[in-house]
Every structure is written in C-alpha cells, then in structure tokens.
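For reference, the structure discussed in these notes is given below.
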Amino acid sequence: MLGNVIKKHIMLQPAQVEDFVKEATKCDFDVDIYYNRYVVDAKSILGVFGLDLTKTLTVEYQGVNQQFEQFLNGLAVA
C-alpha cells in the first residue's frame, strides 16, 4: 500500500527544468507536475517545458525520496 499523496507547490525557472526532471527520474514512483488541469509526467523534460513556468506548479507523488524532497524544498512557494 502506498502512503498519502504528497503535494508541493513550486516555482520553476527554465534553467531549473533539467535538474528537476533528473531528480524526479531518480524516484522509483510516479511523479506528476501540473498547473490547473494540465498534468504531465515530471520525468518528461518536454512535458515540463510544456507547462506555464510563470505560474505556481503543483508536484504530486506517493513515495519517499529524501533527496527529491530536499530539492523540492529549494523550489517551494510559501
């Protein structure tokens, strides 16, 4: 059984997308990122670049990866 769904609100600059995707790819669980109803796989660089990076994005996942969580905390929106 998976844990609770974790949601984090982040801001991504275009220069940070590659690092974000690399960190998401290290997770052995699904990671989604979305704005409004447009949801993409966070492990897809083209998908993430397709989002409006001027808006607050939501990252959603079920699993534990401390390195990924620390990376997200650096991008977090208050």
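Just so we're on the same page: first chain in the structure tokens is A, next is B, and so on; residues restart at 1 for each chain, and ligands are numbered from 1 in the order they show up.
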Shell of 9 Å around range 13-27 of chain A, only C-alpha atoms, local chain residues under 6 positions omitted, as a VMD selection string: chain A and resid 42 to 45 48 to 49 53 to 54 63 to 65 67 to 68 71 to 72
Could you take the residues named above and write them with N, CA, C and O atoms, as a short mmCIF file (atom, residue, chain, number, x, y, z; two decimals), in the first residue's frame?
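See result_2.cif below for the written result:
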```
data_model
loop_
_atom_site.label_atom_id
_atom_site.label_comp_id
_atom_site.auth_asym_id
_atom_site.auth_seq_id
_atom_site.Cartn_x
_atom_site.Cartn_y
_atom_site.Cartn_z
N ALA A 42 6.41 14.24 -14.47
CA ALA A 42 7.54 15.08 -14.07
C ALA A 42 8.87 14.53 -14.56
O ALA A 42 9.88 15.22 -14.49
N LYS A 43 8.87 13.31 -15.08
CA LYS A 43 10.10 12.71 -15.60
C LYS A 43 10.28 12.99 -17.09
O LYS A 43 11.20 12.49 -17.71
N SER A 44 9.39 13.80 -17.66
CA SER A 44 9.43 14.15 -19.08
C SER A 44 9.86 15.60 -19.23
O SER A 44 9.11 16.52 -18.89
N ILE A 45 11.05 15.82 -19.78
CA ILE A 45 11.54 17.19 -19.91
C ILE A 45 10.66 17.99 -20.87
O ILE A 45 10.36 19.16 -20.61
N VAL A 48 7.39 18.92 -19.00
CA VAL A 48 7.57 20.00 -18.02
C VAL A 48 7.75 21.33 -18.74
O VAL A 48 7.17 22.35 -18.34
N PHE A 49 8.51 21.35 -19.83
CA PHE A 49 8.68 22.60 -20.59
C PHE A 49 7.35 23.05 -21.21
O PHE A 49 7.19 24.22 -21.54
N LEU A 53 5.65 28.10 -17.06
CA LEU A 53 6.63 28.23 -15.98
C LEU A 53 6.56 29.57 -15.26
O LEU A 53 7.31 29.81 -14.33
N THR A 54 5.64 30.44 -15.67
CA THR A 54 5.45 31.70 -14.94
C THR A 54 4.44 31.54 -13.80
O THR A 54 4.22 32.47 -13.05
N GLY A 63 5.26 8.41 -2.35
CA GLY A 63 6.51 7.70 -2.15
C GLY A 63 7.46 8.55 -1.33
O GLY A 63 7.14 9.70 -1.00
N VAL A 64 8.62 7.99 -1.03
CA VAL A 64 9.60 8.70 -0.21
C VAL A 64 10.94 8.69 -0.92
O VAL A 64 11.44 7.64 -1.31
N ASN A 65 11.49 9.88 -1.11
CA ASN A 65 12.84 10.05 -1.64
C ASN A 65 13.37 11.34 -1.04
O ASN A 65 12.99 12.43 -1.47
N GLN A 67 16.19 12.91 -1.11
CA GLN A 67 16.93 13.81 -1.99
C GLN A 67 15.96 14.64 -2.84
O GLN A 67 16.13 15.85 -3.01
N PHE A 68 14.90 14.00 -3.35
CA PHE A 68 13.90 14.71 -4.15
C PHE A 68 13.16 15.72 -3.29
O PHE A 68 12.93 16.85 -3.71
N PHE A 71 15.30 18.72 -2.74
CA PHE A 71 15.34 19.52 -3.97
C PHE A 71 14.07 20.35 -4.10
O PHE A 71 14.13 21.55 -4.38
N LEU A 72 12.90 19.73 -3.86
CA LEU A 72 11.63 20.45 -3.95
C LEU A 72 11.56 21.57 -2.93
O LEU A 72 11.01 22.64 -3.22
#
```
Contacts of Tyr34 in chain A at 7 Å (only C-alpha atoms; same-chain gap of 2+ positions) as number ranges by chain: A: 32, 36-40, 57-59
Option closest in space to Asp28 in chain A, from A:Asp52, A:Ile6, A:Gly47, A:Tyr61 [counting only C-alpha atoms]: A:Tyr61
Separation of CA of His9 in chain A from CA of Lys55 in chain A in Å: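 Interatomic distance, CA of Lys55 in chain A to CA of His9 in chain A: 10.1 Å.
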DSSP-assigned strand (DSSP E) members of chain A, reported as a list of chain:residue names: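 For chain A, the strand (DSSP E) set is A:Ile6, A:Lys7, A:Lys8, A:His9, A:Ile10, A:Val31, A:Asp32, A:Ile33, A:Tyr34, A:Tyr35, A:Tyr38, A:Val39, A:Val40, A:Asp41, A:Leu57, A:Thr58, A:Val59, A:Glu60, A:Tyr61.
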Residues of chain A in alpha helix (DSSP H), written as JSON, numbers by chain: {"A": [17, 18, 19, 20, 21, 22, 23, 24, 25, 45, 46, 47, 48, 49, 66, 67, 68, 69, 70, 71, 72, 73, 74, 75]}
Atomic separation - CA of Gln66 in chain A relative to CA of Tyr35 in chain A, Å: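 Going from CA of Tyr35 in chain A over to CA of Gln66 in chain A, I get 23.9 Å.
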d(CA of Leu46 in chain A, CA of Asn4 in chain A) in Å: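 Calculated distance between CA of Leu46 in chain A and CA of Asn4 in chain A is 27.5 Å.
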